[in-house]
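Q: Could you have a look at this structure, given as structure tokens, before my questions?
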Amino acid sequence: MTAKSHGSPCGDLVFAMRGGSGTVGGMEVPFRVGQGYDVHRIVPGRRLVLGGVEIPCDFGLDGHSDADVLTHAIADAVFGAAGLPDIGHWFPDTDAVNAGIDSQRILARAVAEAKKGGWHLANIDATLVAERPKIAPHLTAMRAAVAATCGIAPEAVGIKATTNERIGFAGRGEGMAALAVALLARPIGRYRA
Ligand SMILES: [Zn+2]
């Protein structure tokens, strides 16, 4: 069974037929989207690591790992898109071996686990919610760090930062939040000339 592409100059897009999960209307869909959300409490005396970049600051984020809230949200988006359990499954905070772990390792694991299912990371978009410090000067370095971890181009990594208008826990400076989406893709068909 074939499905016509919509005006593709390459001709008919022929989808491989597979049963079970991952199909929509009987056709395998070569994309999966996932979302991630994370929150960490602000505390004095800890390093502030966001998107794999250490930012000079008079406070940091509390957590078992390096508490990189932004990278955790991205990793959970990747795990979620691949239909895998979240960070807590892979890196339980009850395991001493994970104490202080570089969260880029967590993200690398998410990308690697997705690849085992044939899924490649297409792009990421993430938003950090933090009242301070100023994040803008660090965005380029954060995108580069996350892209390097994921093995994708910096252009495929969107990172934005916003304040919470002094409202709520993030607005009061009690914590930071991060939201992310990730798109996975895998080749399942071929173009017929
Ligand atoms: Zn976290």
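By order in the structure tokens, chains are A, B, ...; within a chain, residues start at 1; ligands start at 1, following the order shown.
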DSSP on the backbone: what in range 103-138 of chain A comes out strand (DSSP E or B), as a compact mmCIF listing (two decimals) with C-alpha atoms, in the first residue's frame?
A:
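Final output, saved to result-v9.txt:
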# COMPACT_ATOMS: atom_id res chain seq x y z
CA HIS A 120 17.51 10.78 15.36
CA LEU A 121 17.16 14.14 17.01
CA ALA A 122 15.92 16.67 14.46
CA ASN A 123 15.65 19.78 16.60
CA ILE A 124 15.10 21.13 20.08
CA ASP A 125 13.36 24.23 21.32
CA ALA A 126 13.57 25.20 24.97
CA THR A 127 12.61 28.05 27.26
CA LEU A 128 14.24 28.88 30.58
CA VAL A 129 12.17 30.79 33.11
Q: Enumerate residues in contact with ligand 1: an atom-to-atom distance of at most 10 Å, counting only C-alpha atoms and all ligand atoms. Format the result as number ranges by chain.
A: A: 37-41, 61-73, 75-76, 87-88, 103, 177-178
Q: Using the selection just defined, write its residues with N, CA and C atoms as a tab-separated table (two decimals), in the first residue's frame.
A:
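Final file, result.tsv:
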chain	number	residue	atom	x	y	z
A	37	TYR	N	9.62	19.21	31.10
A	37	TYR	CA	9.44	20.33	32.05
A	37	TYR	C	10.22	20.00	33.30
A	38	ASP	N	10.90	20.99	33.85
A	38	ASP	CA	11.65	20.75	35.08
A	38	ASP	C	11.72	22.02	35.91
A	39	VAL	N	11.87	21.84	37.20
A	39	VAL	CA	12.00	22.94	38.15
A	39	VAL	C	13.09	22.60	39.15
A	40	HIS	N	13.92	23.57	39.48
A	40	HIS	CA	14.89	23.40	40.57
A	40	HIS	C	14.85	24.63	41.48
A	41	ARG	N	15.07	24.37	42.75
A	41	ARG	CA	15.06	25.42	43.76
A	41	ARG	C	16.39	26.20	43.72
A	61	LEU	N	21.54	26.22	41.68
A	61	LEU	CA	20.30	25.44	41.77
A	61	LEU	C	20.58	24.18	42.57
A	62	ASP	N	19.59	23.82	43.40
A	62	ASP	CA	19.72	22.65	44.24
A	62	ASP	C	19.39	21.40	43.42
A	63	GLY	N	20.07	20.32	43.72
A	63	GLY	CA	19.77	19.08	43.01
A	63	GLY	C	20.85	18.05	43.24
A	64	HIS	N	20.52	16.81	42.91
A	64	HIS	CA	21.45	15.70	43.10
A	64	HIS	C	22.57	15.77	42.07
A	65	SER	N	22.21	16.18	40.85
A	65	SER	CA	23.19	16.33	39.77
A	65	SER	C	23.74	17.75	39.82
A	66	ASP	N	24.26	18.24	38.70
A	66	ASP	CA	24.66	19.64	38.65
A	66	ASP	C	23.45	20.57	38.58
A	67	ALA	N	22.25	19.98	38.58
A	67	ALA	CA	20.98	20.72	38.67
A	67	ALA	C	20.72	21.63	37.46
A	68	ASP	N	21.22	21.22	36.31
A	68	ASP	CA	21.03	22.00	35.08
A	68	ASP	C	19.59	21.82	34.60
A	69	VAL	N	18.74	22.69	35.09
A	69	VAL	CA	17.30	22.57	34.86
A	69	VAL	C	16.94	22.58	33.38
A	70	LEU	N	17.66	23.39	32.62
A	70	LEU	CA	17.37	23.50	31.18
A	70	LEU	C	17.70	22.19	30.46
A	71	THR	N	18.86	21.64	30.77
A	71	THR	CA	19.27	20.39	30.12
A	71	THR	C	18.36	19.23	30.54
A	72	HIS	N	17.88	19.25	31.78
A	72	HIS	CA	16.97	18.20	32.22
A	72	HIS	C	15.65	18.25	31.42
A	73	ALA	N	15.14	19.44	31.21
A	73	ALA	CA	13.89	19.56	30.44
A	73	ALA	C	14.10	19.05	29.02
A	75	ALA	N	16.38	16.83	28.01
A	75	ALA	CA	16.56	15.38	28.04
A	75	ALA	C	15.21	14.67	28.19
A	76	ASP	N	14.35	15.20	29.04
A	76	ASP	CA	13.03	14.58	29.21
A	76	ASP	C	12.19	14.71	27.94
A	87	ILE	N	13.98	11.02	33.14
A	87	ILE	CA	15.33	11.05	33.71
A	87	ILE	C	15.46	10.23	34.98
A	88	GLY	N	14.44	10.31	35.83
A	88	GLY	CA	14.50	9.62	37.12
A	88	GLY	C	14.70	8.12	36.98
A	103	SER	N	25.06	17.16	33.68
A	103	SER	CA	23.79	16.85	33.02
A	103	SER	C	23.92	16.67	31.52
A	177	ALA	N	12.53	27.40	36.22
A	177	ALA	CA	11.80	26.36	35.49
A	177	ALA	C	12.31	26.32	34.05
A	178	ALA	N	12.13	25.20	33.42
A	178	ALA	CA	12.49	25.09	32.01
A	178	ALA	C	11.48	24.19	31.30
Q: Enter the distance from CA of Pro133 in chain A to CA of Ala147 in chain A, in Å, rounded to one decimal.
A: 22.7 Å
Q: Work out how far apart CA of Pro85 in chain A and CA of Ala180 in chain A are and give it in Å to one decimal.
A: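 Distance reported for this atom pair: 16.0 Å.
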Q: Considering only C-alpha atoms, can you say which of A:Ala112, A:Met27, A:Ala130, A:Val157 comes closest to Arg143 in chain A?
A: A:Val157
Q: Kindly indicate which residue among A:Ala110, A:Met142, A:Ala182, A:Cys57 lies nearest to Pro44 in chain A, using only C-alpha atoms for the distances.
A: A:Cys57
Q: Pull the helix (DSSP H, G or I) assignments for range 39-98 of chain A out of DSSP run on the backbone, and list those residues as a count of residues only.
A: 20
Q: Provide the CA of Ala77 in chain A to CA of Leu184 in chain A distance in Å, to one decimal place.
A: 9.9 Å
Q: Kindly indicate which residue among A:Ala161, A:Ala145, A:Met176, A:Val97 lies nearest to Glu54 in chain A, using only C-alpha atoms for the distances.
A: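 Closest to Glu54 in chain A of all the choices is A:Ala145.
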Q: Excluding Leu84 in chain A and its own-chain neighbours fewer than 3 positions away, which residues fall within 9 Å of it when counting only C-alpha atoms? Please give them as a VMD selection string.
A: chain A and resid 76 78 to 81 110 113 to 114
